[in-house]
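Trainee: Structure file query15.tsv, TSV, C-alpha atoms, is pasted below:
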```tsv
chain	number	residue	atom	x	y	z
A	1	MET	CA	0.00	0.00	0.00
A	2	GLU	CA	1.22	3.48	-0.91
A	3	ALA	CA	2.64	5.39	2.03
A	4	VAL	CA	0.06	7.60	3.77
A	5	ILE	CA	2.21	10.69	3.19
A	6	HIS	CA	2.07	10.19	-0.59
A	7	ARG	CA	-1.67	9.63	-0.64
A	8	VAL	CA	-2.23	12.68	1.59
A	9	SER	CA	0.09	14.87	-0.49
A	10	SER	CA	-1.60	13.83	-3.66
A	11	ILE	CA	-5.07	14.69	-2.28
A	12	VAL	CA	-3.88	18.02	-0.87
A	13	GLY	CA	-2.22	18.86	-4.19
A	14	GLU	CA	-5.34	18.01	-6.14
A	15	GLN	CA	-7.81	19.75	-3.80
A	16	LEU	CA	-5.82	22.95	-3.37
A	17	GLY	CA	-4.24	23.00	-6.83
A	18	VAL	CA	-0.67	23.37	-5.57
A	19	GLU	CA	2.60	22.17	-7.13
A	20	GLU	CA	4.19	18.95	-5.88
A	21	GLY	CA	7.30	20.87	-4.79
A	22	ASP	CA	5.26	22.91	-2.29
A	23	LEU	CA	3.79	19.82	-0.64
A	24	VAL	CA	6.31	19.53	2.19
A	25	PRO	CA	5.22	17.93	5.50
A	26	GLU	CA	5.43	21.19	7.46
A	27	ALA	CA	3.47	23.22	4.89
A	28	SER	CA	0.55	25.01	6.55
A	29	LEU	CA	-2.71	24.54	4.67
A	30	LEU	CA	-3.94	28.07	5.35
A	31	ASP	CA	-0.70	30.08	5.39
A	32	ASP	CA	1.56	28.29	2.88
A	33	LEU	CA	-0.84	26.50	0.55
A	34	GLY	CA	-3.45	29.26	0.26
A	35	ALA	CA	-6.42	27.24	1.52
A	36	ASP	CA	-9.46	28.99	2.98
A	37	SER	CA	-11.88	27.52	5.52
A	38	LEU	CA	-14.11	25.99	2.82
A	39	ASP	CA	-11.11	24.46	1.02
A	40	VAL	CA	-10.30	22.75	4.32
A	41	VAL	CA	-13.83	21.30	4.50
A	42	GLU	CA	-13.53	19.98	0.95
A	43	LEU	CA	-10.11	18.55	1.75
A	44	VAL	CA	-11.45	16.81	4.85
A	45	MET	CA	-14.27	15.30	2.78
A	46	ALA	CA	-11.75	13.99	0.23
A	47	LEU	CA	-9.61	12.51	3.02
A	48	GLU	CA	-12.65	10.83	4.59
A	49	GLU	CA	-13.46	9.20	1.27
A	50	GLU	CA	-9.86	8.18	0.49
A	51	PHE	CA	-9.16	6.64	3.90
A	52	GLY	CA	-12.67	5.53	4.88
A	53	ILE	CA	-12.54	7.56	8.10
A	54	GLU	CA	-14.74	10.16	9.74
A	55	VAL	CA	-13.22	13.45	10.86
A	56	PRO	CA	-15.40	15.18	13.49
A	57	ASP	CA	-15.65	18.97	13.21
A	58	ASP	CA	-13.73	19.49	16.47
A	59	ASP	CA	-10.74	17.55	15.11
A	60	VAL	CA	-10.55	19.79	12.04
A	61	GLU	CA	-9.40	22.67	14.28
A	62	ASN	CA	-6.20	20.77	15.14
A	63	ILE	CA	-5.23	19.96	11.58
A	64	ARG	CA	-2.96	22.69	10.26
A	65	THR	CA	-0.20	21.06	8.19
A	66	ILE	CA	0.29	18.09	5.86
A	67	GLN	CA	2.17	16.37	8.69
A	68	ASP	CA	-0.86	16.90	10.98
A	69	ILE	CA	-3.07	15.16	8.42
A	70	VAL	CA	-0.68	12.22	8.10
A	71	ARG	CA	-0.49	11.79	11.89
A	72	TYR	CA	-4.27	12.07	12.16
A	73	VAL	CA	-4.92	9.50	9.43
A	74	GLU	CA	-2.34	7.08	10.87
A	75	GLY	CA	-3.84	7.53	14.35
A	76	LYS	CA	-7.29	6.66	13.00
A	77	ALA	CA	-5.89	3.57	11.23
A	78	GLU	CA	-4.18	2.39	14.45
A	79	ALA	CA	-7.33	2.96	16.49
A	80	ARG	CA	-9.15	0.69	14.04
A	81	ALA	CA	-6.47	-2.02	13.86
B	1	MET	CA	-52.41	12.15	-12.61
B	2	ASN	CA	-49.40	14.49	-12.44
B	3	ALA	CA	-49.12	18.14	-11.53
B	4	ARG	CA	-47.51	20.51	-13.96
B	5	ILE	CA	-46.18	24.04	-13.62
B	6	THR	CA	-48.10	26.40	-15.91
B	7	GLY	CA	-46.59	29.71	-14.81
B	8	THR	CA	-43.73	31.16	-12.79
B	9	GLY	CA	-43.01	34.54	-11.20
B	10	SER	CA	-40.42	36.10	-8.95
B	11	VAL	CA	-39.38	39.33	-7.32
B	12	LEU	CA	-36.24	40.70	-5.72
B	13	PRO	CA	-36.49	43.78	-3.47
B	14	ASP	CA	-35.56	47.08	-5.12
B	15	THR	CA	-33.06	47.88	-2.36
B	16	LYS	CA	-29.77	45.97	-2.53
B	17	LEU	CA	-27.07	45.45	0.05
B	18	THR	CA	-23.78	45.29	-1.84
B	19	ASN	CA	-20.56	43.84	-0.48
B	20	ALA	CA	-19.31	47.43	-0.16
B	21	ASP	CA	-22.35	48.24	2.01
B	22	LEU	CA	-21.48	45.31	4.29
B	23	GLU	CA	-17.88	46.50	4.58
B	24	SER	CA	-19.20	49.48	6.52
B	25	LEU	CA	-21.23	47.26	8.90
B	26	VAL	CA	-18.83	44.43	9.78
B	27	GLU	CA	-15.15	43.55	9.36
B	28	THR	CA	-15.22	42.00	5.87
B	29	ASP	CA	-14.32	42.83	2.29
B	30	ASP	CA	-15.65	42.29	-1.20
B	31	GLU	CA	-12.91	39.89	-2.31
B	32	TRP	CA	-13.33	37.71	0.79
B	33	ILE	CA	-17.10	37.49	0.30
B	34	VAL	CA	-16.94	36.79	-3.45
B	35	GLU	CA	-14.25	34.11	-3.06
B	36	ARG	CA	-16.09	32.21	-0.34
B	37	THR	CA	-19.71	32.69	-1.39
B	38	GLY	CA	-19.94	34.04	-4.95
B	39	ILE	CA	-22.34	36.72	-3.66
B	40	ARG	CA	-22.00	40.35	-4.86
B	41	GLU	CA	-25.32	41.78	-3.70
B	42	ARG	CA	-28.51	40.68	-1.99
B	43	GLY	CA	-31.95	42.25	-1.74
B	44	LYS	CA	-33.28	43.75	1.48
B	45	VAL	CA	-36.89	44.79	1.99
B	46	GLU	CA	-37.88	48.26	3.17
B	47	GLU	CA	-39.47	49.03	6.52
B	48	GLY	CA	-43.08	47.80	6.53
B	49	GLU	CA	-42.58	45.29	3.71
B	50	ALA	CA	-43.30	41.69	4.72
B	51	THR	CA	-42.96	38.27	3.12
B	52	SER	CA	-46.58	38.28	1.89
B	53	HIS	CA	-45.95	41.52	-0.04
B	54	LEU	CA	-43.04	40.00	-1.97
B	55	ALA	CA	-45.02	36.77	-2.35
B	56	ALA	CA	-47.98	38.66	-3.86
B	57	ARG	CA	-45.76	40.36	-6.46
B	58	ALA	CA	-44.18	37.04	-7.43
B	59	ALA	CA	-47.61	35.36	-7.49
B	60	ARG	CA	-49.09	37.97	-9.85
B	61	GLY	CA	-46.31	37.27	-12.33
B	62	ALA	CA	-46.93	33.53	-12.16
B	63	LEU	CA	-50.72	33.93	-12.48
B	64	GLU	CA	-50.28	36.15	-15.54
B	65	LEU	CA	-47.90	33.72	-17.27
B	66	ALA	CA	-50.26	30.81	-16.53
B	67	GLY	CA	-53.31	32.79	-17.66
B	68	VAL	CA	-55.02	32.08	-14.35
B	69	ASP	CA	-57.15	34.59	-12.45
B	70	PRO	CA	-56.73	34.68	-8.65
B	71	SER	CA	-60.43	33.79	-8.32
B	72	GLU	CA	-59.69	30.44	-9.98
B	73	LEU	CA	-57.21	29.35	-7.28
B	74	ASP	CA	-58.32	26.71	-4.81
B	75	LEU	CA	-55.04	26.20	-2.93
B	76	ILE	CA	-52.25	28.53	-1.72
B	77	VAL	CA	-49.12	27.13	-0.06
B	78	VAL	CA	-46.16	29.22	1.09
B	79	GLY	CA	-42.75	27.87	2.07
B	80	THR	CA	-41.08	30.35	4.43
B	81	VAL	CA	-39.05	30.72	7.61
B	82	SER	CA	-39.81	34.45	7.79
B	83	PRO	CA	-43.62	34.63	7.96
B	84	ASP	CA	-45.39	38.00	8.33
B	85	MET	CA	-46.50	36.90	11.81
B	86	ILE	CA	-46.22	33.73	13.88
B	87	THR	CA	-49.91	33.37	13.11
B	88	PRO	CA	-51.87	33.63	10.79
B	89	ALA	CA	-50.03	31.81	8.03
B	90	THR	CA	-48.42	33.96	5.32
B	91	ALA	CA	-50.55	32.03	2.80
B	92	CYS	CA	-53.64	33.65	4.41
B	93	PHE	CA	-52.19	37.15	3.94
B	94	LEU	CA	-51.41	36.21	0.36
B	95	HIS	CA	-55.01	35.05	-0.12
B	96	ARG	CA	-56.11	38.53	0.99
B	97	HIS	CA	-53.56	40.49	-1.10
B	98	LEU	CA	-54.52	38.56	-4.25
B	99	ARG	CA	-58.27	39.13	-3.63
B	100	VAL	CA	-59.12	35.49	-4.26
B	101	GLY	CA	-62.62	36.43	-3.16
B	102	ARG	CA	-63.72	33.15	-1.57
B	103	PRO	CA	-62.42	30.80	1.12
B	104	ILE	CA	-59.91	28.23	-0.15
B	105	ALA	CA	-57.18	26.04	1.41
B	106	CYS	CA	-54.19	28.14	2.54
B	107	PHE	CA	-51.25	27.09	4.69
B	108	ASP	CA	-47.50	27.52	5.17
B	109	ILE	CA	-44.79	24.88	5.04
B	110	GLY	CA	-41.93	25.07	7.53
B	111	ALA	CA	-39.11	23.24	5.82
B	112	ALA	CA	-36.67	26.16	5.71
B	113	CYS	CA	-34.59	26.36	2.51
B	114	SER	CA	-36.17	23.10	1.31
B	115	GLY	CA	-39.65	24.63	1.65
B	116	PHE	CA	-40.41	25.12	-2.04
B	117	LEU	CA	-39.45	21.54	-2.91
B	118	TYR	CA	-41.40	20.18	0.08
B	119	GLY	CA	-44.27	22.28	-1.26
B	120	LEU	CA	-43.95	20.83	-4.76
B	121	GLU	CA	-44.51	17.32	-3.41
B	122	VAL	CA	-47.39	18.32	-1.14
B	123	VAL	CA	-49.15	20.41	-3.79
B	124	SER	CA	-48.58	17.81	-6.51
B	125	ASP	CA	-50.15	15.11	-4.36
B	126	MET	CA	-53.09	17.34	-3.47
B	127	LEU	CA	-53.69	18.06	-7.17
B	128	ALA	CA	-53.30	14.37	-8.02
B	129	SER	CA	-56.05	13.59	-5.50
B	130	GLY	CA	-58.44	15.30	-7.88
B	131	ARG	CA	-59.82	17.58	-5.15
B	132	TYR	CA	-57.86	20.70	-6.22
B	133	ARG	CA	-57.54	22.22	-9.68
B	134	ARG	CA	-55.33	25.30	-9.48
B	135	ALA	CA	-52.65	25.82	-6.87
B	136	LEU	CA	-50.29	28.68	-6.10
B	137	LEU	CA	-47.02	27.64	-4.49
B	138	VAL	CA	-44.61	30.32	-3.24
B	139	GLY	CA	-41.16	30.23	-1.69
B	140	GLY	CA	-40.90	33.65	-0.06
B	141	GLU	CA	-38.61	35.21	2.49
B	142	THR	CA	-37.78	38.47	4.20
B	143	ILE	CA	-35.03	36.64	6.03
B	144	THR	CA	-32.96	39.81	6.50
B	145	ARG	CA	-35.39	40.58	9.37
B	146	PHE	CA	-33.81	37.66	11.24
B	147	ILE	CA	-30.20	38.38	10.37
B	148	ASP	CA	-27.75	39.81	12.88
B	149	TYR	CA	-25.84	42.59	11.12
B	150	GLU	CA	-23.13	42.24	13.77
B	151	ASP	CA	-22.45	38.60	12.76
B	152	ARG	CA	-20.20	38.71	9.73
B	153	GLY	CA	-20.51	34.94	9.23
B	154	THR	CA	-24.21	35.15	8.34
B	155	CYS	CA	-25.05	38.74	7.37
B	156	ILE	CA	-23.04	38.49	4.14
B	157	LEU	CA	-25.02	35.44	3.01
B	158	PHE	CA	-28.73	36.12	3.21
B	159	GLY	CA	-31.15	38.15	1.10
B	160	ASP	CA	-34.89	38.63	0.56
B	161	ALA	CA	-36.91	37.37	-2.42
B	162	ALA	CA	-40.01	35.48	-3.46
B	163	GLY	CA	-40.63	33.02	-6.26
B	164	ALA	CA	-43.97	31.54	-7.26
B	165	ALA	CA	-45.41	28.79	-9.44
B	166	ILE	CA	-48.93	27.94	-10.56
B	167	LEU	CA	-49.56	24.20	-10.62
B	168	GLU	CA	-52.42	22.42	-12.36
B	169	PRO	CA	-53.22	18.73	-12.83
B	170	THR	CA	-52.41	17.00	-16.12
B	171	ASP	CA	-53.21	13.62	-17.62
B	172	GLY	CA	-50.01	13.80	-19.68
B	173	PRO	CA	-46.71	12.19	-18.70
B	174	GLY	CA	-44.90	15.50	-18.01
B	175	GLY	CA	-44.86	17.81	-15.02
B	176	VAL	CA	-43.54	17.02	-11.56
B	177	ARG	CA	-42.17	13.51	-12.13
B	178	SER	CA	-40.79	12.50	-8.76
B	179	SER	CA	-39.72	13.93	-5.42
B	180	LEU	CA	-37.89	12.97	-2.26
B	181	LEU	CA	-38.14	14.78	1.06
B	182	LYS	CA	-35.78	14.19	3.98
B	183	ALA	CA	-34.98	15.62	7.39
B	184	ASP	CA	-32.75	14.76	10.32
B	185	GLY	CA	-33.65	16.58	13.53
B	186	GLU	CA	-30.40	15.48	15.20
B	187	PHE	CA	-28.80	18.40	13.38
B	188	TRP	CA	-31.39	21.00	14.45
B	189	ASP	CA	-28.78	23.33	15.93
B	190	LEU	CA	-26.60	23.75	12.82
B	191	ILE	CA	-28.99	26.42	11.49
B	192	HIS	CA	-31.57	27.88	13.85
B	193	ILE	CA	-33.26	30.99	15.23
B	194	PRO	CA	-33.29	30.34	19.00
B	195	GLY	CA	-35.61	33.08	20.27
B	196	GLY	CA	-39.19	34.12	19.60
B	197	GLY	CA	-40.73	30.64	19.70
B	198	SER	CA	-42.29	28.75	22.62
B	199	LEU	CA	-38.95	27.59	24.00
B	200	GLN	CA	-37.59	31.13	24.36
B	201	PRO	CA	-40.54	33.51	24.00
B	202	ALA	CA	-39.97	37.17	23.19
B	203	THR	CA	-38.68	38.97	26.29
B	204	THR	CA	-36.41	41.97	26.63
B	205	SER	CA	-33.59	39.74	27.89
B	206	MET	CA	-33.99	37.35	24.96
B	207	ILE	CA	-33.65	40.30	22.61
B	208	SER	CA	-30.73	41.87	24.48
B	209	GLN	CA	-28.93	38.54	24.01
B	210	ARG	CA	-29.71	38.76	20.28
B	211	GLN	CA	-31.49	35.39	20.38
B	212	GLN	CA	-34.01	36.50	17.74
B	213	PHE	CA	-31.39	36.17	15.01
B	214	LEU	CA	-30.33	33.25	12.82
B	215	ARG	CA	-27.34	31.21	13.97
B	216	MET	CA	-25.37	28.91	11.69
B	217	ASN	CA	-22.38	26.57	11.83
B	218	GLY	CA	-21.15	27.22	8.31
B	219	ARG	CA	-18.45	24.57	8.09
B	220	GLN	CA	-20.65	21.67	9.20
B	221	VAL	CA	-23.50	22.88	7.02
B	222	PHE	CA	-21.20	23.07	4.00
B	223	LYS	CA	-20.11	19.47	4.43
B	224	LEU	CA	-23.57	18.01	5.08
B	225	ALA	CA	-25.06	20.08	2.27
B	226	VAL	CA	-22.58	18.76	-0.28
B	227	GLN	CA	-22.97	15.13	0.84
B	228	ASN	CA	-26.76	15.17	1.08
B	229	LEU	CA	-27.38	17.15	-2.11
B	230	GLU	CA	-25.23	14.74	-4.08
B	231	GLN	CA	-26.87	11.66	-2.63
B	232	ILE	CA	-30.47	12.81	-2.89
B	233	SER	CA	-29.90	13.91	-6.50
B	234	HIS	CA	-28.82	10.39	-7.43
B	235	GLU	CA	-31.76	8.90	-5.51
B	236	VAL	CA	-34.42	11.08	-7.10
B	237	LEU	CA	-32.99	10.46	-10.58
B	238	ASP	CA	-33.08	6.68	-9.97
B	239	ARG	CA	-36.66	6.97	-8.82
B	240	THR	CA	-37.57	8.98	-11.94
B	241	GLY	CA	-35.71	6.60	-14.24
B	242	TRP	CA	-33.45	9.33	-15.62
B	243	ALA	CA	-29.69	9.20	-16.02
B	244	LEU	CA	-27.68	12.30	-15.11
B	245	GLU	CA	-26.85	12.79	-18.80
B	246	ASP	CA	-30.59	13.08	-19.56
B	247	VAL	CA	-30.94	16.16	-17.34
B	248	ASP	CA	-31.05	19.50	-19.19
B	249	HIS	CA	-31.18	21.89	-16.22
B	250	VAL	CA	-29.88	21.62	-12.67
B	251	LEU	CA	-31.25	24.01	-10.02
B	252	VAL	CA	-29.44	23.65	-6.71
B	253	HIS	CA	-30.41	25.71	-3.65
B	254	GLN	CA	-28.47	28.97	-3.95
B	255	ALA	CA	-26.82	28.98	-0.52
B	256	ASN	CA	-23.22	29.43	-1.55
B	257	LEU	CA	-21.60	29.28	-5.00
B	258	ARG	CA	-18.91	26.98	-3.62
B	259	ILE	CA	-21.53	24.41	-2.54
B	260	ILE	CA	-23.18	24.57	-5.97
B	261	GLU	CA	-19.81	24.11	-7.73
B	262	VAL	CA	-18.72	21.20	-5.53
B	263	VAL	CA	-22.08	19.41	-5.89
B	264	ALA	CA	-22.05	19.91	-9.68
B	265	SER	CA	-18.51	18.61	-9.98
B	266	ARG	CA	-19.18	15.58	-7.77
B	267	LEU	CA	-22.29	14.79	-9.80
B	268	GLY	CA	-20.31	15.33	-12.99
B	269	VAL	CA	-22.80	17.82	-14.45
B	270	PRO	CA	-21.38	20.24	-17.04
B	271	GLU	CA	-21.31	23.87	-15.92
B	272	GLU	CA	-23.66	25.11	-18.65
B	273	LYS	CA	-26.53	23.01	-17.26
B	274	VAL	CA	-26.13	24.39	-13.74
B	275	HIS	CA	-28.08	27.63	-13.27
B	276	VAL	CA	-26.85	30.29	-10.86
B	277	ASN	CA	-28.23	33.62	-9.65
B	278	ILE	CA	-26.74	33.78	-6.16
B	279	ASP	CA	-24.34	36.56	-7.21
B	280	ARG	CA	-27.36	38.92	-7.39
B	281	THR	CA	-29.60	37.38	-4.71
B	282	GLY	CA	-27.62	35.89	-1.85
B	283	ASN	CA	-29.16	32.94	-0.03
B	284	THR	CA	-32.90	33.64	-0.07
B	285	SER	CA	-33.82	30.41	1.74
B	286	ALA	CA	-37.09	28.92	0.42
B	287	ALA	CA	-37.12	31.50	-2.40
B	288	THR	CA	-33.94	30.38	-4.17
B	289	ILE	CA	-35.34	27.56	-6.32
B	290	PRO	CA	-38.56	29.27	-7.50
B	291	THR	CA	-36.74	32.55	-8.15
B	292	LEU	CA	-34.10	30.79	-10.23
B	293	LEU	CA	-36.74	28.69	-12.02
B	294	ASP	CA	-38.62	31.85	-13.00
B	295	GLU	CA	-35.47	33.59	-14.23
B	296	VAL	CA	-34.50	30.59	-16.35
B	297	ASN	CA	-38.07	30.26	-17.63
B	298	ARG	CA	-38.44	33.95	-18.53
B	299	ALA	CA	-35.07	33.87	-20.27
B	300	GLY	CA	-36.68	31.37	-22.66
B	301	LYS	CA	-34.34	28.56	-21.63
B	302	LEU	CA	-37.06	26.03	-20.74
B	303	LYS	CA	-38.64	24.11	-23.62
B	304	PRO	CA	-41.43	21.52	-23.43
B	305	GLY	CA	-39.83	18.14	-22.71
B	306	ASP	CA	-36.78	19.59	-20.93
B	307	LYS	CA	-35.72	17.59	-17.89
B	308	ILE	CA	-35.07	19.58	-14.72
B	309	LEU	CA	-33.42	18.42	-11.49
B	310	CYS	CA	-33.95	20.57	-8.37
B	311	ALA	CA	-32.23	19.94	-5.03
B	312	ALA	CA	-32.32	21.98	-1.84
B	313	PHE	CA	-30.97	21.88	1.67
B	314	GLY	CA	-31.61	23.85	4.84
B	315	ALA	CA	-32.38	24.14	8.54
B	316	GLY	CA	-33.89	21.11	10.18
B	317	LEU	CA	-31.82	19.73	8.77
B	318	THR	CA	-34.09	19.26	5.79
B	319	TRP	CA	-33.18	18.35	2.25
B	320	ALA	CA	-35.21	17.52	-0.82
B	321	ALA	CA	-35.01	16.86	-4.54
B	322	VAL	CA	-37.60	17.03	-7.30
B	323	THR	CA	-37.54	16.08	-10.98
B	324	ILE	CA	-39.69	18.03	-13.44
B	325	GLU	CA	-40.38	17.44	-17.09
B	326	TRP	CA	-41.21	20.89	-18.40
B	327	THR	CA	-44.56	21.20	-20.15
B	328	ALA	CA	-45.30	24.93	-20.42
B	329	PRO	CA	-44.63	26.72	-23.74
B	330	GLN	CA	-41.17	28.23	-24.17
B	331	VAL	CA	-41.36	31.90	-23.12
B	332	GLY	CA	-40.82	34.27	-26.05
B	333	SER	CA	-41.34	31.59	-28.71
```
Just dump the structure as structure tokens.
Mentor:
Amino acid sequence: MEAVIHRVSSIVGEQLGVEEGDLVPEASLLDDLGADSLDVVELVMALEEEFGIEVPDDDVENIRTIQDIVRYVEGKAEARA
Amino acid sequence: MNARITGTGSVLPDTKLTNADLESLVETDDEWIVERTGIRERGKVEEGEATSHLAARAARGALELAGVDPSELDLIVVGTVSPDMITPATACFLHRHLRVGRPIACFDIGAACSGFLYGLEVVSDMLASGRYRRALLVGGETITRFIDYEDRGTCILFGDAAGAAILEPTDGPGGVRSSLLKADGEFWDLIHIPGGGSLQPATTSMISQRQQFLRMNGRQVFKLAVQNLEQISHEVLDRTGWALEDVDHVLVHQANLRIIEVVASRLGVPEEKVHVNIDRTGNTSAATIPTLLDEVNRAGKLKPGDKILCAAFGAGLTWAAVTIEWTAPQVGS
């Protein structure tokens, strides 16, 4: 299975329309990648579909960077395992 | 027996609130509003103007197009969350304004932004029963009366409008083909007006806490709107026996251009089939679908046989979808 970081980066790149080179783990969705609050909702929906998880609204507040997403998705996968 | 739409009408208030006007009321700016909502201006009624006044203007347009005199109506239904008064129903005021001249069935539907589509199912079934012959259905709102112009999250979104349709029974295959109505009360608090009802009646302290105004959790609503609008669109099309490619016109509740765009792209509907007027109207709640339908109709874009998909979403949460095969003559032809 493709590493979570690659799947996350690919979704973020597609949803926000940013170049692959800008998709570094510490990139902030709002500050570096130009997302607005609704982009984040769309991104969360795409992540939920890709990984078969549910992201409650309260958790969205704590997701700021690509690395945060990866950790969150991996945490969800572990919780399920 | 089906019900078919024989006339449409709509009205936007003469007074507009532009994004520049809102800049002077709350901390916001034109670019921010346009990027996130697609809205450039929204109508706002004058002092003393109520929902029934807008509804009557929209209704007269629909009656004229249908060639129906108010005295021929035997049913008036209004979808609204901003009635003239808590009671009587706005439909009763409309009955008076239109001078129907005799007692007929009049009532309001409380299904928020889904109100017009809820109304289409209810009215269609009443006409199909054979007991009613000519119905007036209105989605009308003066929702700006319930908007807090200190809350920049909501005051940029909402506007006033009314849209109307005349419905009559038909033995033909066209008209309102199918409909689906849904609600989930677990999500009641995502969009609500807390004060002024029986739970928090009007008191000076209720008003000083600004409880009479609409409250909304925009992010959650955005997500549930997109998911539910997509799903219910597929379901109503299945029920109708239409494929998405068969649909000629898509009318999605005009709540936010971003929601409309995301739903259209997830459904895979080409942009030219998706009608939009939110840039000039804002979110007019139950009035969005009938107002848009009338604009598209009067622009001569609806031809007999055209297949129309409507989907709406709002407080409740409620959501609904309706398929219509257009039967009225093309306007201007």
Trainee: Given all atoms listed in the file as the basis, pick out the residue of A:Glu26, A:Glu20, A:Glu48, A:Glu14 nearest to Asp68 (chain A).
Mentor: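 With all atoms listed in the file as the atom set, the closest residue is A:Glu26.
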Trainee: For Arg266 (chain B), find every residue with an atom within 9 Å (counting all atoms listed in the file), except residues of its own chain fewer than 4 positions away, and show them as a list in words.
Mentor: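 The residues that qualify are Val226, Glu230, Glu261 and Val262 of chain B.
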Trainee: Mind dumping a table of every chain B residue within 8 Å of chain A, with the nearest atom pair and its distance in Å to one decimal, using all atoms listed in the file, sorted by chain and rising number, as a tab-separated table?
Mentor:
```
residue	atom	partner	partner_atom	distance
B:Arg36	CA	A:Leu38	CA	7.3
B:Arg219	CA	A:Val41	CA	6.7
B:Gln220	CA	A:Asp57	CA	7.0
B:Phe222	CA	A:Val41	CA	7.6
B:Lys223	CA	A:Val41	CA	6.5
```
Trainee: What is the distance, in Å and to one decimal place, between CA of Lys273 (chain B) and CA of Lys303 (chain B)?
Mentor: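 Those two atoms sit 13.7 Å apart.
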Trainee: Residues within 6 Å of (-40.4, 35.0, 8.0), file coordinates, counting only C-alpha atoms: what are they? Give the list as a list in words.
Mentor: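 Applying the cut-off with only C-alpha atoms, one gets Thr80, Val81, Ser82, Pro83, Asp84, Glu141, Thr142 and Ile143 of chain B.
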Trainee: Counting all atoms listed in the file, which residues come within 6 Å of (-33.2, 23.4, -11.8), with the point read in the file's coordinates, and could you list them as a list in words?
Mentor: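 Selection result: His249, Val250, Leu251, Ile308, Leu309 and Cys310 of chain B.
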Trainee: Can you pull out every residue within 10 Å of Leu137 (chain B), counting only C-alpha atoms, but drop anything in the same chain fewer than 2 positions away, and send it as a ChimeraX atom specification?
Mentor: /B:5,8,55,59,62,75-79,91,108,116-117,119-120,122-123,134-135,139-140,163-167,290
Trainee: Expressed in Å to a single decimal, how great is the separation between CA of Ala161 (chain B) and CA of Phe107 (chain B)?
Mentor: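 One can read the CA of Ala161 (chain B) to CA of Phe107 (chain B) distance as 19.0 Å.
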